[in-house]
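Read through the structure below, which is laid out as structure tokens, and then see the notes.
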Amino acid sequence: MICLPKENKNITNIAVLDVKHETLTQGNVRLRKLIDGFIPIEAVGARNKKKGEGKKLTVFLSGINKTITTDIPEDKKLFRRRPEIRKFARFHNLQIGDKIYLERMDNNVFRLRPSTKQFTFIDLFAGIGGMRIAFEKAGGRCVFSSEWDESACKTYEANFGEKPYGDIHKIQSSEIPDHDILLAGFPCQPFSISGVSKKNSLGKPHGFDDLIQGNLFFEIKRILQEKRPLAFLLENVKNLRSHDKGNTYKVIRDVLEKELGYTIYDEVIDAVSYVPQHRERIFIAGFREPLLFSFPQHQAARKPVLEDILDKNVPEKYTLTDHLWKYLQNYAEKHRKAGNGFGFGLSKLDGHTRTLSARYYKDGSEILIPQGKDKNPRRLTPLECARLMGFTRLKPDFKIIVSDTRAYKQFGNAVVVPVVYDIAKKIFQTLKKDYL
């Protein structure tokens with residue numbers, strides 16, 4: 001696998017070619033219109049190789065993971081290394097009328113890959129597959145996934161029929177298939193308000209200084225740099241923007257824009273218009289070409305309310321014990337007298353909840369469901385959490401196969417699927433204008 005150099009933003013970076021013969025043999029794809037301005041004219045050599053070759057070009061053939069060094073004969077019919085080109089065509093089962101991308105990665109470095117009617121994506125830090133559900137529902141195809149939490153991998157495999165690869169640190173870029181879009185909801189704990197507070201109290205590093213999770217953004221950088229997908233979508237907590245007085249986010253923007261050359265857009269979206277939950281997350285969409293993009297502006301005909309996602313008959317085990325309910329009330333009163341807002345969240349059935357977090361399994365205090373004056377409130381069930389995160393709206397048969405404790409953690413770390421679905425549709429619409 002070649003490590004592709006940084007793009008030159010002053011040149012055209014992609015051409016879509018028609019396949020005129022299923023094996024791409026002589027007489028099919030003509031490059032005449034692309035010579036000089038896209039492919040350097042000095043790469044053209046004599047029709048007969050013995051009479052002189054042009055300046056060598058490096059071409060990476062996706063799928064078969066082969067790099068060839070070649071030039072173009074003067075009749076300007078694709079590249080001279082025809083056996084490898086045929087192998088590429090057969091591998092992808094190219095037929096007459098299909099399209100292929102010829103991507104220019106640098107002055108003399110190119111990549112050849114098929115253009116299908118379906119954008120491909122990879123699912124990094126995949127969790128239980130919320131982003132995958134959204135992008136598949138929008139019409140994409142997942143070609144690779146990675147997640148290091150074993151319990152999350154079990155849920156993912158139960159729902160998608162494949163187990164994600166493990167720790168991204170240990171995965172070489174050459175093992176990751178070519179793809180159009182990179183998806184990554186990279187770990188938010190190093191940047192979240194609660195995560196930073198906890199780490200500060202324990203004297204532990206946070207942000208990029210968190211060597212276990214904080215530096216995972218640079219694994220995204222590595223893959224973007226080497227695979228050069230057409231687009232990406234990153235998701236994190238709202239606090240990412242303000243962490244370390246804005247320096248963390250400045251580093252991220254500089255890496256994506258200045259080092260990697262992507263055009264990026266960001267927006268904080270509150271999921272409350274999609275699901276009955278106040279949940280603000282930052283989404284960062286990036287495009288390899290300078291494309292115009294806008295995030296969806298969702299307007300619900302009817303605002304969702306908590307009662308929409310609740311079951312009528314819930315097992316007693318989800319009702320708080322007298323001891324726990326008394327503790328939470330005393331805890332809230334203690335902080336009320338101290339002048340701060342810490343305490344439980346007793347949700348209104350005709351309103352929305354607080355943000356579901358991965359710690360919900362501990363006491364359920366952030367989202368408690370009232371059950372009348374004569375009965376203690378209860379936690380949400382895992383299935384209700386799935387509904388609150390929008391999983392079952394786009395994937396009604398979503399399976400929960402782990403313990404309640406694990407399920408609460410998994411949904412608390414997940415994305416709100418309908419939000420990502422709307423973003424996915426907008427990304428596809430933006431890319432289709434140029435690539436399909």
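Each chain in the structure tokens gets a letter, A, B and so on, in the order shown; residues start at 1 in every chain, and ligands are counted from 1 in the order they appear.
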key: Close residues, Asn48 in chain A itself excluded, 9 Å, only C-alpha atoms, min 5 positions apart in chain, as an MDAnalysis selection string   = chainID A and resid 53 73:74
query = Near Pro382 in chain A, within 10 Å and counting only C-alpha atoms, which residues show up once chain neighbours fewer than 2 positions away are dropped, as an MDAnalysis selection string?
reply = chainID A and resid 361 379:380 384:388 400 402:411
List the spatial neighbours of range 149-153 of chain A as a PDB file with N, CA and C atoms, in the first residue's frame - criterion: any atom at most 6 Å away, only C-alpha atoms, same-chain residues fewer than 6 positions off excluded.
```pdb
ATOM      1  N   GLY A 127     -18.857   1.339  18.156  1.00  0.00           N
ATOM      2  CA  GLY A 127     -19.824   1.134  19.226  1.00  0.00           C
ATOM      3  C   GLY A 127     -20.785   0.023  18.869  1.00  0.00           C
ATOM      4  N   ILE A 128     -22.073   0.305  18.904  1.00  0.00           N
ATOM      5  CA  ILE A 128     -23.082  -0.709  18.558  1.00  0.00           C
ATOM      6  C   ILE A 128     -23.730  -0.423  17.206  1.00  0.00           C
ATOM      7  N   LYS A 163     -18.246  -9.217  13.117  1.00  0.00           N
ATOM      8  CA  LYS A 163     -17.582  -8.672  14.300  1.00  0.00           C
ATOM      9  C   LYS A 163     -16.576  -7.614  13.872  1.00  0.00           C
TER      10      LYS A 163
END
```
Against range 268-288 of chain A, which residues of range 35-129 of chain A fall within 12 Å? For each one I want the closest pair of atoms and the distance in Å (one decimal), counting only C-alpha atoms, rows by chain and increasing residue number, as a tab-separated table.
```
residue	atom	partner	partner_atom	distance
A:Glu103	CA	A:Arg288	CA	11.2
A:Arg104	CA	A:Arg288	CA	11.6
A:Met105	CA	A:Arg288	CA	10.7
```
May I have the selected residues written with C-alpha atoms, as a compact mmCIF listing (two decimals), in the first residue's frame?
```
# COMPACT_ATOMS: atom_id res chain seq x y z
CA GLU A 103 -8.07 10.16 -8.73
CA ARG A 104 -5.04 12.39 -8.77
CA MET A 105 -3.32 12.32 -5.40
```
Residue set, range 199-362 of chain A restricted to strand (DSSP E or B), as a PDB file with C-alpha atoms, in the first residue's frame:
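That gives us selection-v2.pdb:
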```pdb
ATOM      1  CA  ALA A 231     -15.635  12.659   2.733  1.00  0.00           C
ATOM      2  CA  PHE A 232     -15.793  12.006   6.450  1.00  0.00           C
ATOM      3  CA  LEU A 233     -18.174  12.560   9.366  1.00  0.00           C
ATOM      4  CA  LEU A 234     -16.891  12.885  12.934  1.00  0.00           C
ATOM      5  CA  GLU A 235     -19.039  13.141  16.078  1.00  0.00           C
ATOM      6  CA  ASN A 236     -18.197  14.218  19.602  1.00  0.00           C
ATOM      7  CA  VAL A 237     -19.495  16.113  22.620  1.00  0.00           C
ATOM      8  CA  THR A 263     -12.956  21.423   3.356  1.00  0.00           C
ATOM      9  CA  ILE A 264     -14.807  21.075   6.647  1.00  0.00           C
ATOM     10  CA  TYR A 265     -18.126  22.122   8.131  1.00  0.00           C
ATOM     11  CA  ASP A 266     -19.211  21.773  11.741  1.00  0.00           C
ATOM     12  CA  GLU A 267     -22.412  22.204  13.676  1.00  0.00           C
ATOM     13  CA  VAL A 268     -23.737  21.453  17.142  1.00  0.00           C
ATOM     14  CA  ILE A 269     -27.084  19.674  16.787  1.00  0.00           C
ATOM     15  CA  ASP A 270     -29.554  19.077  19.606  1.00  0.00           C
ATOM     16  CA  GLN A 277     -34.024  13.858  24.676  1.00  0.00           C
ATOM     17  CA  GLU A 280     -26.185  18.251  21.982  1.00  0.00           C
ATOM     18  CA  ARG A 281     -23.345  16.845  19.899  1.00  0.00           C
ATOM     19  CA  ILE A 282     -20.879  18.412  17.491  1.00  0.00           C
ATOM     20  CA  PHE A 283     -20.703  16.942  13.986  1.00  0.00           C
ATOM     21  CA  ILE A 284     -17.765  17.662  11.687  1.00  0.00           C
ATOM     22  CA  ALA A 285     -18.269  16.892   7.993  1.00  0.00           C
ATOM     23  CA  GLY A 286     -15.290  17.072   5.655  1.00  0.00           C
ATOM     24  CA  PHE A 287     -14.873  16.858   1.884  1.00  0.00           C
ATOM     25  CA  THR A 319     -38.429   0.739  39.991  1.00  0.00           C
ATOM     26  CA  LEU A 346     -37.547  13.430  37.157  1.00  0.00           C
ATOM     27  CA  THR A 353     -35.338  13.946  29.108  1.00  0.00           C
TER      28      THR A 353
END
```
